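File shown: query_27.pdb. Contents: PDB, C-alpha atoms.
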```pdb
ATOM      1  CA  PHE A 434      96.638 120.282 100.094
ATOM      2  CA  GLN A 435      93.678 117.974 100.156
ATOM      3  CA  LEU A 436      93.156 115.439 102.917
ATOM      4  CA  ASN A 437      90.859 112.507 102.149
ATOM      5  CA  LEU A 438      89.707 110.331 105.036
ATOM      6  CA  ASN A 439      88.576 106.942 103.770
ATOM      7  CA  ASN A 440      87.723 105.175 106.986
ATOM      8  CA  GLY A 441      85.294 102.451 107.872
ATOM      9  CA  ASP A 442      83.040 104.812 109.787
ATOM     10  CA  ALA A 443      82.294 108.456 110.383
ATOM     11  CA  GLY A 444      83.458 110.142 113.568
ATOM     12  CA  ALA A 445      85.616 112.770 115.194
ATOM     13  CA  TYR A 446      89.284 113.222 114.265
ATOM     14  CA  TYR A 447      92.099 115.447 115.459
ATOM     15  CA  ILE A 448      94.208 116.926 112.673
ATOM     16  CA  LYS A 449      97.676 118.400 113.238
ATOM     17  CA  ILE A 450      99.780 119.905 110.488
ATOM     18  CA  LYS A 451     103.480 120.219 111.362
ATOM     19  CA  ASP A 452     106.499 121.646 109.591
ATOM     20  CA  GLU A 453     109.898 119.974 109.104
ATOM     21  CA  ASN A 454     110.983 121.132 112.582
ATOM     22  CA  ASN A 455     107.919 119.513 114.183
ATOM     23  CA  ASN A 456     106.285 122.897 114.896
ATOM     24  CA  VAL A 457     102.490 122.764 114.789
ATOM     25  CA  LEU A 458     101.268 124.968 111.948
ATOM     26  CA  TYR A 459      97.587 124.171 112.391
ATOM     27  CA  SER A 460      95.390 121.873 114.457
ATOM     28  CA  GLU A 461      91.690 121.194 114.662
ATOM     29  CA  LYS A 462      89.086 118.669 115.676
ATOM     30  CA  LEU A 463      86.722 117.766 112.883
ATOM     31  CA  THR A 464      83.724 115.523 112.583
ATOM     32  CA  ALA A 465      83.577 113.384 109.473
ATOM     33  CA  LYS A 466      79.922 112.982 108.575
ATOM     34  CA  ASP A 467      80.534 109.813 106.560
ATOM     35  CA  ALA A 468      83.247 107.238 105.908
ATOM     36  CA  ASN A 469      84.670 109.189 102.939
ATOM     37  CA  TYR A 470      85.445 112.720 104.042
ATOM     38  CA  SER A 471      87.514 115.331 102.206
ATOM     39  CA  ARG A 472      88.941 118.636 103.418
ATOM     40  CA  ASN A 473      91.222 121.211 101.751
ATOM     41  CA  TYR A 474      94.021 123.044 103.549
ATOM     42  CA  ARG A 475      95.886 126.063 102.256
ATOM     43  CA  LEU A 476      99.341 126.629 103.725
ATOM     44  CA  ALA A 477     101.348 129.814 103.314
ATOM     45  CA  VAL A 478     104.363 128.244 101.608
ATOM     46  CA  ASP A 479     106.267 130.094  98.927
ATOM     47  CA  GLU A 480     107.661 128.314  95.893
ATOM     48  CA  ASP A 481     111.287 128.499  97.082
ATOM     49  CA  ASP A 482     110.388 126.713 100.329
ATOM     50  CA  LEU A 483     108.282 124.163  98.474
ATOM     51  CA  ASN A 484     111.207 123.320  96.181
ATOM     52  CA  SER A 485     113.745 123.230  99.008
ATOM     53  CA  ALA A 486     115.385 119.875  99.775
ATOM     54  CA  THR A 487     114.539 120.349 103.453
ATOM     55  CA  PHE A 488     110.824 120.982 102.851
ATOM     56  CA  GLY A 489     108.581 118.630 104.738
ATOM     57  CA  VAL A 490     105.080 118.918 106.129
ATOM     58  CA  THR A 491     103.320 116.174 108.051
ATOM     59  CA  PHE A 492      99.633 115.602 108.609
ATOM     60  CA  GLU A 493      98.778 113.696 111.772
ATOM     61  CA  VAL A 494      95.271 112.236 111.834
ATOM     62  CA  THR A 495      94.131 110.842 115.181
ATOM     63  CA  SER A 496      90.816 109.107 115.706
ATOM     64  CA  ALA A 497      89.009 110.444 118.773
ATOM     65  CA  LYS A 498      87.314 107.057 119.135
ATOM     66  CA  THR A 499      90.381 104.782 119.040
ATOM     67  CA  ASN A 500      93.228 107.252 119.733
ATOM     68  CA  LYS A 501      95.047 105.685 116.775
ATOM     69  CA  THR A 502      97.277 108.122 114.853
ATOM     70  CA  GLN A 503      98.277 107.943 111.209
ATOM     71  CA  ILE A 504     101.024 110.243 109.913
ATOM     72  CA  TYR A 505     101.370 111.397 106.313
ATOM     73  CA  LYS A 506     104.500 113.211 105.154
ATOM     74  CA  ILE A 507     104.473 115.626 102.253
ATOM     75  CA  SER A 508     107.771 116.445 100.630
ATOM     76  CA  SER A 509     108.845 118.006  97.397
ATOM     77  CA  GLN A 510     111.406 116.822  94.920
ATOM     78  CA  THR A 511     112.525 118.768  91.889
ATOM     79  CA  SER A 512     114.632 117.364  89.110
ATOM     80  CA  VAL A 513     115.844 118.712  85.807
ATOM     81  CA  LYS A 514     116.052 116.422  82.834
ATOM     82  CA  LYS A 515     118.036 117.390  79.773
ATOM     83  CA  ASN A 516     117.941 115.336  76.590
ATOM     84  CA  ILE A 517     120.664 115.700  74.000
ATOM     85  CA  VAL A 518     120.114 114.166  70.599
ATOM     86  CA  ILE A 519     123.018 113.466  68.288
ATOM     87  CA  ALA A 520     122.264 112.814  64.644
ATOM     88  CA  LYS A 521     124.685 111.740  61.951
ATOM     89  CA  LEU A 522     124.557 114.070  58.961
TER
END
```
In structure tokens, write the structure found in this file.
Amino acid sequence: FQLNLNNGDAGAYYIKIKDENNNVLYSEKLTAKDANYSRNYRLAVDEDDLNSATFGVTFEVTSAKTNKTQIYKISSQTSVKKNIVIAKL
């Protein structure tokens, strides 16, 4: 997963990654060196879990300066589409 912070200013942020049961999978404090900061996260999620209807991961981003928190939810949805074509012979 890639997290892009596009804020008005650089600064320190607290990042929490939680699963669908609100368990903290990972947390850190990072310092964004500029207003547009990008960071990659790799989570140990197998394909069956990723395609599960109950899959849900949230990223909580809290500004150390303002204490304001923004929450982003990641979920997965799988669908199967079948097209049948009927032609008159």
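Using only C-alpha atoms for every distance, the candidate list A:Asn516, A:Thr464, A:Asn454, A:Asn469 yields A:Asn454 as the residue closest to A:Gly489.
Across the model, the gap from atom CA of A:Ala445 to atom CA of A:Tyr474 is 17.7 Å.
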Please evaluate the PyMOL selection byres ((chain A and resi 460) around 7) against the structure above and give the resulting residues as a list in words.
-> Ile448, Lys449, Ile450, Tyr459 and Glu461 of chain A
All residues 8 Å or closer to A:Leu438, only C-alpha atoms, same chain fewer than 4 positions away omitted, as a list in words = Ala468, Asn469, Tyr470 and Ser471 of chain A
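Each of A:Ser508, A:Phe492, A:Leu522, A:Asn437 was compared to A:Arg472 using all atoms listed in the file, and A:Asn437 turns out to be the nearest.
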Which one is closest to A:Gly444: A:Asp467, A:Thr502, A:Ile517, A:Ile507? Count only C-alpha atoms.
-> A:Asp467
Coordinates-based distance that separates atom CA of A:Tyr447 from atom CA of A:Glu493 (Å, one decimal) = 7.8 Å
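Nearest residue to A:Ser496, choosing from A:Arg475, A:Lys462, A:Lys451, A:Lys514 and counting all atoms listed in the file: A:Lys462.
Compared by their closest atoms to A:Tyr446, and using all atoms listed in the file, the residues A:Glu480, A:Phe434, A:Thr491, A:Ala497 rank with A:Ala497 nearest.
Atom CA of A:Val494 sits 15.7 Å away from atom CA of A:Lys466.
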